[in-house]
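A.B. asks: Input file: run-v9.txt. Contents: compact mmCIF, C-alpha atoms.
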# COMPACT_ATOMS: atom_id res chain seq x y z
CA MET P 1 -0.03 24.78 21.75
CA ASN P 2 1.01 21.29 20.65
CA LYS P 3 1.72 18.67 23.30
CA THR P 4 4.79 16.43 23.30
CA PRO P 5 3.84 12.78 23.91
CA ALA P 6 6.05 10.14 25.49
CA ILE P 7 7.35 7.46 23.13
CA GLN P 8 5.32 4.85 25.01
CA GLU P 9 2.17 6.93 24.58
CA LEU P 10 2.80 7.22 20.84
CA PHE P 11 3.27 3.48 20.50
CA LEU P 12 0.22 2.49 22.56
CA SER P 13 -2.04 5.10 20.96
CA PHE P 14 -1.23 3.90 17.46
CA LEU P 15 -1.38 0.27 18.57
CA ARG P 16 -4.97 0.79 19.71
CA LEU P 17 -5.77 2.58 16.47
CA GLY P 18 -4.10 -0.18 14.45
CA LEU P 19 -6.41 -2.80 15.97
CA THR P 20 -9.31 -1.27 14.03
CA ALA P 21 -7.38 0.11 11.03
CA PHE P 22 -9.72 -1.20 8.36
CA GLY P 23 -10.29 0.74 5.18
CA GLY P 24 -6.73 1.67 4.19
CA PRO P 25 -6.41 5.40 3.40
CA ALA P 26 -9.76 6.04 5.13
CA MET P 27 -7.88 5.58 8.40
CA ILE P 28 -6.20 8.95 7.87
CA ALA P 29 -9.37 10.62 9.16
CA TYR P 30 -9.09 8.63 12.39
CA ILE P 31 -5.39 9.43 12.72
CA ARG P 32 -6.25 13.11 12.35
CA ARG P 33 -8.99 12.87 14.95
CA MET P 34 -6.57 11.32 17.44
CA ALA P 35 -3.41 13.32 16.72
CA VAL P 36 -4.95 16.74 16.05
CA GLU P 37 -8.31 16.95 17.79
CA LYS P 38 -7.92 14.71 20.86
CA LYS P 39 -4.21 14.56 21.67
CA HIS P 40 -3.17 17.94 20.17
CA TRP P 41 0.18 16.58 19.01
CA LEU P 42 -0.04 18.42 15.66
CA ASP P 43 -1.91 21.47 14.45
CA PRO P 44 -4.38 21.02 11.54
CA GLU P 45 -2.17 22.72 8.94
CA THR P 46 0.86 20.58 9.78
CA PHE P 47 -1.22 17.41 9.55
CA LYS P 48 -2.67 18.53 6.21
CA THR P 49 0.85 19.08 4.89
CA GLY P 50 1.80 15.60 6.11
CA VAL P 51 -1.11 13.97 4.30
CA ALA P 52 -0.12 15.70 1.06
CA PHE P 53 3.44 14.48 1.56
CA CYS P 54 2.37 10.88 2.25
CA GLN P 55 0.19 10.83 -0.85
CA VAL P 56 3.11 11.82 -3.07
CA ILE P 57 5.73 9.29 -1.96
CA PRO P 58 5.30 5.54 -2.58
CA GLY P 59 3.97 3.13 0.04
CA ALA P 60 0.87 2.61 2.19
CA THR P 61 -0.51 6.10 2.87
CA ALA P 62 -2.06 5.45 6.29
CA MET P 63 1.11 3.79 7.60
CA GLN P 64 3.16 6.75 6.41
CA ALA P 65 0.72 9.20 8.00
CA ALA P 66 1.26 7.42 11.32
CA ALA P 67 5.03 7.71 10.90
CA TYR P 68 4.70 11.39 9.97
CA VAL P 69 2.74 12.16 13.13
CA GLY P 70 5.38 10.40 15.21
CA LEU P 71 8.14 12.26 13.34
CA LYS P 72 6.62 15.66 14.02
CA ALA P 73 5.83 14.81 17.64
CA ARG P 74 9.08 13.11 18.72
CA GLY P 75 11.49 12.88 15.79
CA ALA P 76 12.73 9.67 14.18
CA ILE P 77 12.22 7.55 17.33
CA GLY P 78 8.64 8.78 17.55
CA ALA P 79 8.13 7.93 13.88
CA ALA P 80 9.33 4.38 14.51
CA ALA P 81 7.10 4.00 17.59
CA ALA P 82 3.98 5.20 15.74
CA PHE P 83 4.77 3.21 12.59
CA VAL P 84 5.41 -0.09 14.39
CA GLY P 85 2.47 0.36 16.75
CA PHE P 86 0.06 1.07 13.91
CA GLY P 87 1.19 -1.88 11.77
CA LEU P 88 1.78 -4.50 14.47
CA PRO P 89 -1.84 -5.75 14.81
CA ALA P 90 -2.11 -6.39 11.05
CA PHE P 91 1.21 -8.23 11.01
CA LEU P 92 0.37 -10.51 13.95
CA LEU P 93 -3.12 -11.32 12.64
CA MET P 94 -1.80 -12.03 9.15
CA MET P 95 0.79 -14.43 10.58
CA VAL P 96 -1.98 -16.34 12.37
CA LEU P 97 -4.18 -16.38 9.26
CA SER P 98 -1.25 -17.51 7.11
CA PHE P 99 -0.62 -20.41 9.49
CA LEU P 100 -4.29 -21.44 9.37
CA TYR P 101 -4.35 -21.09 5.58
CA SER P 102 -1.28 -23.28 5.15
CA ARG P 103 -2.94 -26.00 7.24
CA PHE P 104 -6.56 -25.92 6.10
CA HIS P 105 -6.81 -24.32 2.63
CA ASP P 106 -7.29 -27.74 0.96
CA LEU P 107 -10.48 -28.47 2.89
CA PRO P 108 -13.62 -28.39 0.68
CA ALA P 109 -15.29 -25.74 2.86
CA ALA P 110 -12.23 -23.49 2.62
CA ILE P 111 -11.99 -23.97 -1.14
CA SER P 112 -15.64 -22.99 -1.58
CA LEU P 113 -15.30 -19.96 0.69
CA PHE P 114 -12.21 -18.63 -1.06
CA ALA P 115 -13.80 -19.20 -4.47
CA GLY P 116 -16.59 -16.82 -3.48
CA LEU P 117 -14.25 -14.32 -1.91
CA GLN P 118 -12.13 -14.16 -5.05
CA ALA P 119 -15.07 -12.66 -6.92
CA ILE P 120 -15.20 -9.99 -4.21
CA ILE P 121 -11.49 -9.26 -4.68
CA VAL P 122 -12.04 -8.74 -8.42
CA GLY P 123 -14.75 -6.22 -7.52
CA ILE P 124 -12.48 -4.45 -5.01
CA VAL P 125 -9.60 -4.14 -7.48
CA ALA P 126 -11.96 -3.04 -10.27
CA ASN P 127 -13.31 -0.31 -8.00
CA ALA P 128 -9.75 0.72 -7.12
CA ALA P 129 -8.97 1.05 -10.84
CA VAL P 130 -12.05 3.22 -11.37
CA SER P 131 -11.19 5.36 -8.33
CA PHE P 132 -7.62 5.80 -9.58
CA GLY P 133 -9.02 6.73 -12.98
CA GLY P 134 -11.41 9.29 -11.58
CA ASN P 135 -8.61 11.02 -9.70
CA ALA P 136 -5.78 10.71 -12.22
CA LEU P 137 -7.22 10.78 -15.75
CA LYS P 138 -8.00 14.35 -16.76
CA GLY P 139 -7.71 14.17 -20.53
CA TRP P 140 -6.86 12.07 -23.55
CA ARG P 141 -3.13 12.21 -22.83
CA ASP P 142 -3.69 10.66 -19.42
CA MET P 143 -5.90 7.97 -20.95
CA LEU P 144 -3.16 7.26 -23.49
CA ILE P 145 -0.65 6.64 -20.69
CA ALA P 146 -3.12 4.37 -18.86
CA GLY P 147 -3.92 2.39 -22.01
CA ALA P 148 -0.26 2.00 -22.92
CA ALA P 149 0.52 0.81 -19.39
CA ALA P 150 -2.23 -1.83 -19.55
CA ALA P 151 -1.02 -3.03 -22.97
CA LEU P 152 2.62 -3.25 -21.88
CA PHE P 153 1.68 -5.15 -18.72
CA ALA P 154 -0.46 -7.52 -20.81
CA PHE P 155 2.67 -8.35 -22.80
CA HIS P 156 4.48 -9.14 -19.53
CA VAL P 157 6.61 -6.01 -19.51
CA SER P 158 7.80 -5.36 -15.96
CA PRO P 159 5.43 -2.92 -14.21
CA ILE P 160 8.48 -1.16 -12.77
CA LEU P 161 9.68 -0.40 -16.31
CA VAL P 162 6.12 0.70 -17.15
CA ILE P 163 6.18 3.10 -14.17
CA VAL P 164 9.52 4.57 -15.25
CA LEU P 165 8.24 5.08 -18.81
CA ALA P 166 5.03 6.63 -17.47
CA SER P 167 7.00 9.13 -15.41
CA LEU P 168 8.91 10.13 -18.55
CA ALA P 169 5.65 10.37 -20.47
CA GLY P 170 4.27 12.57 -17.71
CA LEU P 171 7.23 14.89 -18.13
CA LEU P 172 6.87 15.00 -21.91
CA ILE P 173 3.16 14.97 -22.70
CA ALA P 174 0.80 14.27 -19.79
CA ALA P 175 0.78 17.80 -18.45
CA ALA P 176 0.99 19.58 -21.80
CA GLY P 177 -1.39 22.49 -21.68
CA GLN P 178 -2.13 21.93 -17.99
CA LYS P 179 -1.25 24.22 -15.14
CA LYS P 180 1.26 23.15 -12.54
CA THR P 181 -0.37 21.09 -9.82
CA GLY P 182 0.27 21.32 -6.13
CA PRO P 183 0.93 24.34 -3.92
CA ALA P 184 3.85 26.58 -4.73
CA ALA P 185 5.20 26.42 -1.20
CA ILE P 186 4.53 24.07 1.66
CA PRO P 187 6.06 24.34 5.10
CA SER P 188 8.98 21.99 5.49
CA PRO P 189 8.11 19.25 7.99
CA GLY P 190 11.51 18.82 9.54
CA HIS P 191 12.61 18.02 13.07
CA SER P 192 15.84 18.81 14.87
CA GLY P 193 18.19 15.86 14.95
CA THR P 194 16.31 14.07 12.17
CA ASN P 195 19.26 13.98 9.76
CA HIS P 196 21.48 12.27 12.31
CA SER P 197 18.76 9.77 13.22
CA PHE P 198 18.04 9.14 9.56
CA GLY P 199 21.68 8.27 8.97
CA LEU P 200 21.61 5.78 11.83
CA LEU P 201 18.40 4.20 10.48
CA VAL P 202 19.86 3.85 7.00
CA ALA P 203 22.96 2.25 8.48
CA GLY P 204 20.77 -0.15 10.47
CA ALA P 205 18.77 -1.04 7.35
CA ALA P 206 21.98 -1.67 5.40
CA GLY P 207 23.18 -3.91 8.23
CA PHE P 208 19.91 -5.85 8.13
CA PHE P 209 20.27 -6.55 4.41
CA LEU P 210 23.95 -7.47 4.74
CA LEU P 211 23.15 -9.91 7.54
CA LEU P 212 20.52 -11.61 5.39
CA PHE P 213 22.93 -11.76 2.45
CA PHE P 214 25.58 -13.61 4.45
CA VAL P 215 23.22 -15.78 6.51
CA GLN P 216 20.89 -16.98 3.72
CA ARG P 217 20.72 -15.57 0.20
CA SER P 218 17.07 -16.54 -0.29
CA PHE P 219 16.09 -14.34 2.68
CA PHE P 220 18.09 -11.47 1.20
CA ASP P 221 16.39 -11.89 -2.18
CA LEU P 222 12.97 -11.89 -0.51
CA ALA P 223 13.69 -8.70 1.44
CA ILE P 224 15.16 -6.91 -1.59
CA LEU P 225 12.19 -7.83 -3.75
CA MET P 226 9.70 -6.57 -1.17
CA SER P 227 11.65 -3.33 -0.82
CA LYS P 228 11.68 -2.86 -4.59
CA ILE P 229 7.89 -3.28 -4.67
CA ASP P 230 7.47 -0.71 -1.90
CA LEU P 231 9.73 1.80 -3.64
CA PHE P 232 7.53 1.82 -6.76
CA ALA P 233 4.08 1.61 -5.14
CA PHE P 234 3.05 5.22 -5.77
CA GLY P 235 -0.57 6.01 -4.99
CA GLY P 236 -1.10 3.87 -1.89
CA GLY P 237 -1.41 0.19 -1.03
CA PHE P 238 -3.49 -0.88 -4.02
CA ALA P 239 -0.71 0.30 -6.32
CA SER P 240 1.41 -2.57 -5.01
CA ILE P 241 -0.96 -5.23 -6.39
CA PRO P 242 0.28 -5.16 -10.02
CA LEU P 243 3.88 -5.20 -8.78
CA MET P 244 3.28 -8.17 -6.46
CA LEU P 245 1.31 -10.09 -9.09
CA HIS P 246 4.12 -9.65 -11.61
CA GLU P 247 6.94 -10.57 -9.24
CA PHE P 248 5.29 -13.36 -7.21
CA VAL P 249 3.25 -15.05 -9.92
CA ASP P 250 4.55 -14.19 -13.38
CA VAL P 251 8.32 -13.90 -12.85
CA ARG P 252 9.20 -16.16 -9.92
CA GLY P 253 6.23 -18.52 -9.79
CA TRP P 254 6.30 -18.59 -5.99
CA ILE P 255 2.50 -18.88 -5.91
CA ASP P 256 -0.25 -19.05 -8.51
CA ALA P 257 -2.76 -16.28 -9.18
CA ARG P 258 -5.51 -17.92 -7.13
CA THR P 259 -3.29 -18.25 -4.08
CA PHE P 260 -2.24 -14.61 -4.50
CA MET P 261 -5.91 -13.61 -4.56
CA ASN P 262 -6.46 -15.63 -1.41
CA GLY P 263 -3.62 -13.69 0.19
CA ILE P 264 -5.39 -10.45 -0.72
CA VAL P 265 -8.57 -11.90 0.80
CA LEU P 266 -6.72 -12.44 4.07
CA GLY P 267 -5.23 -8.97 3.75
CA GLN P 268 -8.76 -7.55 3.69
CA VAL P 269 -9.67 -9.49 6.84
CA THR P 270 -6.81 -7.89 8.75
CA PRO P 271 -6.63 -4.24 9.78
CA GLY P 272 -3.97 -2.21 8.04
CA PRO P 273 -2.85 -1.81 4.41
CA ILE P 274 -3.34 -4.35 1.65
CA VAL P 275 0.44 -4.69 1.26
CA ILE P 276 0.32 -6.90 4.36
CA THR P 277 -0.26 -9.63 1.74
CA ALA P 278 3.55 -9.67 1.58
CA THR P 279 3.53 -11.28 5.04
CA PHE P 280 1.33 -14.06 3.69
CA VAL P 281 3.67 -14.74 0.77
CA GLY P 282 6.75 -14.70 2.99
CA TYR P 283 5.12 -17.14 5.41
CA LEU P 284 4.16 -19.57 2.64
CA LEU P 285 7.75 -19.52 1.39
CA TYR P 286 9.79 -19.67 4.60
CA GLY P 287 7.45 -19.85 7.58
CA ILE P 288 7.46 -17.37 10.46
CA LEU P 289 10.90 -15.98 9.66
CA GLY P 290 9.94 -15.51 6.02
CA GLY P 291 6.77 -13.66 7.04
CA ALA P 292 8.76 -11.34 9.29
CA ILE P 293 11.45 -10.64 6.67
CA ALA P 294 8.86 -9.96 3.96
CA THR P 295 7.02 -7.56 6.27
CA ILE P 296 10.16 -5.61 7.11
CA GLY P 297 11.09 -5.46 3.43
CA ILE P 298 7.69 -4.19 2.27
CA PHE P 299 7.53 -1.38 4.85
CA LEU P 300 11.13 -0.31 5.46
CA PRO P 301 11.78 1.86 2.34
CA SER P 302 8.61 3.95 2.69
CA PHE P 303 9.30 4.44 6.40
CA LEU P 304 12.80 5.69 5.64
CA MET P 305 11.40 7.99 2.95
CA VAL P 306 9.05 9.64 5.45
CA ILE P 307 12.01 10.58 7.63
CA GLY P 308 14.52 11.32 4.87
CA ILE P 309 12.39 13.20 2.34
CA ALA P 310 10.07 15.15 4.66
CA PRO P 311 12.53 18.04 5.19
CA HIS P 312 12.88 18.44 1.40
CA PHE P 313 9.19 18.17 0.53
CA GLU P 314 8.76 21.87 -0.09
CA ARG P 315 11.25 21.89 -2.96
CA LEU P 316 9.87 18.67 -4.47
CA ARG P 317 6.22 19.65 -4.32
CA SER P 318 6.86 23.08 -5.81
CA SER P 319 8.66 21.58 -8.84
CA PRO P 320 6.45 21.24 -11.94
CA TYR P 321 8.71 18.45 -13.24
CA PHE P 322 8.23 16.41 -10.07
CA ASN P 323 4.46 16.86 -10.16
CA ARG P 324 4.23 15.91 -13.84
CA ALA P 325 6.31 12.77 -13.31
CA ILE P 326 4.13 11.71 -10.37
CA HIS P 327 1.02 12.43 -12.43
CA GLY P 328 2.26 10.18 -15.22
CA ILE P 329 2.97 7.39 -12.72
CA LEU P 330 -0.53 7.61 -11.23
CA CYS P 331 -2.04 7.43 -14.72
CA SER P 332 -0.07 4.27 -15.41
CA PHE P 333 -1.47 2.60 -12.29
CA VAL P 334 -4.97 2.92 -13.72
CA GLY P 335 -3.90 0.75 -16.65
CA LEU P 336 -1.93 -1.64 -14.44
CA LEU P 337 -4.88 -2.17 -12.12
CA LEU P 338 -7.23 -2.76 -15.05
CA ARG P 339 -4.85 -5.42 -16.30
CA VAL P 340 -4.82 -7.01 -12.82
CA VAL P 341 -8.62 -7.14 -12.92
CA GLY P 342 -8.39 -9.13 -16.14
CA SER P 343 -5.72 -11.46 -14.73
CA PHE P 344 -7.74 -12.14 -11.59
CA ALA P 345 -11.01 -12.56 -13.48
CA VAL P 346 -9.54 -15.38 -15.56
CA ASP P 347 -8.96 -17.44 -12.41
CA VAL P 348 -12.49 -17.06 -11.00
CA GLN P 349 -15.06 -19.75 -11.78
CA TRP P 350 -17.78 -17.40 -12.96
CA ASP P 351 -21.39 -18.37 -12.41
CA ALA P 352 -24.51 -16.48 -11.37
CA PRO P 353 -23.66 -16.24 -7.61
CA HIS P 354 -20.09 -15.10 -8.30
CA LEU P 355 -21.28 -12.51 -10.83
CA ILE P 356 -23.72 -11.19 -8.24
CA LEU P 357 -20.95 -11.00 -5.62
CA PHE P 358 -18.71 -9.11 -8.04
CA ALA P 359 -21.43 -6.66 -9.08
CA ALA P 360 -22.64 -6.07 -5.52
CA THR P 361 -19.08 -5.42 -4.32
CA PHE P 362 -18.33 -2.97 -7.11
CA VAL P 363 -21.60 -1.05 -6.70
CA ALA P 364 -21.35 -0.90 -2.90
CA LEU P 365 -17.81 0.48 -3.03
CA TYR P 366 -18.79 2.92 -5.77
CA LEU P 367 -21.53 4.18 -3.44
CA LYS P 368 -18.87 4.73 -0.73
CA VAL P 369 -19.97 1.90 1.56
CA ASP P 370 -17.12 1.12 4.00
CA ILE P 371 -14.96 -1.65 2.57
CA LEU P 372 -15.02 -3.53 5.89
CA TRP P 373 -18.81 -3.95 5.75
CA VAL P 374 -18.65 -4.79 2.06
CA PHE P 375 -16.14 -7.52 2.72
CA LEU P 376 -17.91 -8.92 5.79
CA GLY P 377 -21.27 -8.93 4.00
CA GLY P 378 -19.71 -10.57 0.97
CA THR P 379 -18.10 -13.20 3.20
CA VAL P 380 -21.49 -14.11 4.69
CA ILE P 381 -22.99 -14.42 1.21
CA ALA P 382 -20.01 -16.49 0.03
CA VAL P 383 -20.51 -18.88 2.96
CA LEU P 384 -24.21 -19.24 2.18
CA ILE P 385 -23.67 -20.00 -1.50
Translate this structure into C-alpha cells?
C.D. replies:
Amino acid sequence: MNKTPAIQELFLSFLRLGLTAFGGPAMIAYIRRMAVEKKHWLDPETFKTGVAFCQVIPGATAMQAAAYVGLKARGAIGAAAAFVGFGLPAFLLMMVLSFLYSRFHDLPAAISLFAGLQAIIVGIVANAAVSFGGNALKGWRDMLIAGAAAALFAFHVSPILVIVLASLAGLLIAAAGQKKTGPAAIPSPGHSGTNHSFGLLVAGAAGFFLLLFFVQRSFFDLAILMSKIDLFAFGGGFASIPLMLHEFVDVRGWIDARTFMNGIVLGQVTPGPIVITATFVGYLLYGILGGAIATIGIFLPSFLMVIGIAPHFERLRSSPYFNRAIHGILCSFVGLLLRVVGSFAVDVQWDAPHLILFAATFVALYLKVDILWVFLGGTVIAVLI
C-alpha cells in the first residue's frame, strides 16, 4: 500500500536528492529508489508510466519525474514541493558560480581553465548527439530528417521552425512502413482536484508574466524566451542546447559562443539539468533578478505540462499520429546537436592537449562512465595543462 507523505517531507526529500543530482536523466534511477523502494509513495508500475510520460513531453526529464512523483503523492501542491526542492540546489549554486564568473573570468588562470573545459563540452555534446542518434534513427528516413535539420540550422533557420517541420515530416514519412510505437493503453496518472489546482497555477503563471510586462519589458522578454525554449526542448535537457545557442548567440547576441560554452561548463559543475545554464545567462544580463526570472521561465512550462497533460497521457500515447510526430522531432534533434558540435568546435583553440581532452571525454561517455567523473577528471587535466 502506498504511503502519503507530508508536503514538507516531499520538499526535504527531493532537496536532499537535488544536492547530488548529477548526471541528468540518470537521476531517474535514484528518484525511483527513493520514491518506490524506500518511501513507498508510488508503486513500480505507476512510476514506470510516469517516466514514459516525462520522456514524451518537452523539458528536463529528471525534474519532471520529480514533479510527477509529487503529483501522484500529493497532487499539484506536492508536485510543486518536489519540483522546487529538487531544482533548488542547482539554482543556488549556479547563482554563486555566475557571480564568481562575472568577477573573475578575465583572469589568465580562469581563461586557461575554461579553454580546456570547452573541449570537454564539445565531447559531451558530441556524445549526446550520438546517443540521440542511436535511440532515434532507425532507418534512412530518420537519417534524412536529421540531415535536413542540421542543414537548415547551418543556414540559420530557427530550430523551432526546424522542429515543427520535423514533426510534420514524422507524420508524413518517418514512420512509413513502421509499426506504431508506444503501448496501446497506459493508466491515466490523474489526481483528484488536479484540474482545479492546474487552473490556479496557470492563472498564477499568467499573473507572473503580466507583472513582468508592466514592470519591465526586458524581464518579460527574457521570461517569454526561456519559456519558448522549454516548450520545444523535446528529448531532455540536452535538446535545449541548440535552441539556447540560436536565441542567445545567433539572434540576440546577448553572449558569444565561448561564453555560452562556459555557461554549459558551469551547468555541468552544478547538480541538476543542463538547462540551468539559463540561470547563468539571466544573471549575466540582469544580475540576481535576471537569474531568477530566467530560471522560472525555463522550468515553468514543463512543470505546468506535467500537471496539465498527465491525465490525458493515455489518449496521447496511444495515438499513432502523436508518436510519429514526436519521433520526427527526436530525429531532428540529432541533426541540431551535430550542428551545435560544429559551432562549438569552431570556437575552441585546438591543439594536442585539447584534442586529447575531447577524445577522452567522448570515449569515456561512450563507455558509460558517469558524466560527473568524466567532467571532474577532465577539469583536473585541464588545470594541469
A.B. asks: Find the spatial neighbours of P:Val281, counting all atoms listed in the file, within a cut-off of 10 Å - ignore same-chain residues fewer than 6 positions away - and output them as a list in words.
C.D. replies: Ser98, Leu222, Met244, Phe248, Trp254, Ile255, Thr259, Phe260, Gly263, Gly287, Gly290, Gly291, Ala294 and Thr295 of chain P
A.B. asks: Looking at only C-alpha atoms, which of P:Gly237, P:Val374, P:Leu338, P:Gly207 is the one that sits closest to P:Phe362?
C.D. replies: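 Between P:Gly237, P:Val374, P:Leu338, P:Gly207, the residue approaching P:Phe362 most closely is P:Val374.
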A.B. asks: Pick out the residues sitting within 8 Å of P:Phe299, and hand them over as a list in words; count all atoms listed in the file, and ignore anything fewer than 6 positions along from it in its own chain.
C.D. replies: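 Using all atoms listed in the file, the neighbours found are Gly59, Ser227 and Asp230 of chain P.
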A.B. asks: Go through P:Pro58, P:Gly123, P:Gly70, P:Gly85 and flag the residue nearest P:Leu12, using only C-alpha atoms for the distances.
C.D. replies: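 Counting only C-alpha atoms, the residue closest to P:Leu12 is P:Gly85.
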A.B. asks: Of the candidates P:Leu300, P:Val334, P:Ile264, P:Ala65, which one gets nearest to P:Phe208 if we count all atoms listed in the file?
C.D. replies: P:Leu300
A.B. asks: For atom CA of P:Ala119 and atom CA of P:Gly133, quote the distance in Å rounded to one decimal.
C.D. replies: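 For atom CA of P:Ala119 relative to atom CA of P:Gly133, the distance reads 21.2 Å.
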A.B. asks: How many Å lie between atom CA of P:Gly235 and atom CA of P:Ile298, rounded to one decimal?
C.D. replies: 15.0 Å
A.B. asks: Neighbours of P:Glu247 within 9 Å (only C-alpha atoms; same-chain residues fewer than 6 positions away dropped), as a PDB file with C-alpha atoms, in the frame of the given file?
C.D. replies:
ATOM      1  CA  SER P 158       7.800  -5.360 -15.960  1.00  0.00           C
ATOM      2  CA  LEU P 225      12.190  -7.830  -3.750  1.00  0.00           C
ATOM      3  CA  ILE P 229       7.890  -3.280  -4.670  1.00  0.00           C
ATOM      4  CA  GLY P 253       6.230 -18.520  -9.790  1.00  0.00           C
ATOM      5  CA  TRP P 254       6.300 -18.590  -5.990  1.00  0.00           C
TER       6      TRP P 254
END
A.B. asks: For each of P:Ala292, P:Ala35, P:Phe53, P:Leu19, take the minimum atom-to-atom distance to P:Arg315, counting all atoms listed in the file, then give the residue where this is smallest.
C.D. replies: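 For P:Arg315, the nearest of the candidates is P:Phe53.
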